[in-house]
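A.B. asks: Handing you a structure now.
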Amino acid sequence: PKYFPGHPSLPFCEAVRVGDVLYLSGQIGSPPADPSHVVPGGIQAEMKQALENVEAVLRKQGLGKDRIFKCLVMMVDMKEWAAMNEAYLAFFGAHRPARSSFGTSGLALGARVEIECVAWAG
């Protein structure tokens, strides 16, 4: 495996490449310059920022979001499913990776949503 460190204040890699697959760490709606909080505005704003964070990790590897083939979405409140989907669809457009979603009792920094993606890097 090849490890790609992320923000120096975080205790994990932003991605790990194993062969032709890039496994991205989960992303919440934290701004890249200051990962100590999530952006204001609720689940749609957080999802938009989280997906922008995913895209930034991919760009560092010379990849685009079209390389994502699997996503896992974790949400604090499943009642926000429709709002999360709006931001998700706005980001992915016609590209539809396989996806799983589930509700959780809490996320880092009080986030409403976290997304983890796997991309083809070959």
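Each chain of the structure tokens is named A, B, ... in the order shown, its residues numbered from 1; ligands are numbered from 1 in display order.
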Could you name the residues that touch Ile115 in chain A at 9 Å or less, counting only C-alpha atoms, but leaving out those on the same chain fewer than 6 positions away, as a list in words?
C.D. replies: Ser25, Gly26, Gln27, Ile28, Met47, Ala50, Leu51, Val54, Cys71, Leu72, Val73, Met74 and Met75 of chain A
A.B. asks: Just want the 8 Å neighbourhood of range 92-107 of chain A, counted on only C-alpha atoms, with same-chain residues fewer than 2 positions away dropped. Output as a list in words.
C.D. replies: Lys65, Asp66, Ile68, Phe69, Lys70, Cys71, Leu72, Val73, Met74, Met75, Val76, Asp77, Met78, Tyr88, Leu89, Ala90, Leu109, Gly110, Ala111, Arg112, Val113 and Glu114 of chain A
A.B. asks: So that I can check the surroundings of Pro40 in chain A, please list as a PyMOL selection string every protein, DNA and RNA residue that reaches within 12 Å of it, counting only C-alpha atoms and ignoring chain neighbours fewer than 2 positions away.
C.D. replies: chain A and resi 29-31+37-38+42-49+110-112
A.B. asks: Give me, as a PyMOL selection string, the residues of chain A that a backbone DSSP run labels strand (DSSP E or B).
C.D. replies: chain A and resi 2-5+13-18+21-24+27+68-75+98-103+113-120
A.B. asks: Would you save the residues of that selection, restricted to C-alpha atoms, as a short mmCIF file (atom, residue, chain, number, x, y, z; two decimals), in the first residue's frame?
C.D. replies:
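again-v6.cif, freshly written:
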data_model
loop_
_atom_site.label_atom_id
_atom_site.label_comp_id
_atom_site.auth_asym_id
_atom_site.auth_seq_id
_atom_site.Cartn_x
_atom_site.Cartn_y
_atom_site.Cartn_z
CA LYS A 2 0.94 3.64 -0.53
CA TYR A 3 -0.24 6.10 2.12
CA PHE A 4 -1.12 9.74 1.40
CA PRO A 5 -1.05 11.92 4.52
CA CYS A 13 -4.19 9.35 6.00
CA GLU A 14 -6.57 11.01 3.57
CA ALA A 15 -6.16 8.06 1.19
CA VAL A 16 -4.41 4.74 0.74
CA ARG A 17 -3.70 3.20 -2.64
CA VAL A 18 -3.64 -0.57 -2.92
CA VAL A 21 -7.76 1.13 -6.02
CA LEU A 22 -7.69 4.35 -3.97
CA TYR A 23 -9.46 4.14 -0.62
CA LEU A 24 -10.38 7.59 0.68
CA GLN A 27 -14.87 13.19 4.76
CA ILE A 68 -15.37 6.89 -7.83
CA PHE A 69 -17.17 3.56 -7.97
CA LYS A 70 -18.39 3.13 -4.37
CA CYS A 71 -19.57 5.51 -1.64
CA LEU A 72 -20.68 5.02 1.93
CA VAL A 73 -22.77 7.78 3.49
CA MET A 74 -23.23 8.02 7.26
CA MET A 75 -25.93 10.37 8.55
CA ALA A 98 -22.71 2.19 -5.99
CA ARG A 99 -23.75 3.56 -2.58
CA SER A 100 -24.66 2.43 0.88
CA SER A 101 -26.08 4.70 3.58
CA PHE A 102 -26.88 4.30 7.22
CA GLY A 103 -27.81 6.28 10.28
CA VAL A 113 -22.98 13.62 7.45
CA GLU A 114 -19.78 11.80 6.49
CA ILE A 115 -18.93 10.18 3.16
CA GLU A 116 -16.31 7.58 2.37
CA CYS A 117 -15.40 6.80 -1.24
CA VAL A 118 -13.41 4.24 -3.20
CA ALA A 119 -11.98 5.14 -6.61
CA TRP A 120 -10.34 3.36 -9.53
#
A.B. asks: Using DSSP on the backbone coordinates, identify all residues within chain A classified as helix (DSSP H, G or I); present the result as an MDAnalysis selection string.
C.D. replies: chainID A and resid 43:60 65:67 78:92 108:110
A.B. asks: Can you measure CA of Gly6 in chain A to CA of Gly122 in chain A for me? One decimal in Å is fine.
C.D. replies: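 Those two atoms sit 21.5 Å apart.
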A.B. asks: Have a look at CA of Ala87 in chain A and CA of Gly64 in chain A and let me know their distance in Å, one decimal.
C.D. replies: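 Distance between the two atoms: 17.7 Å.
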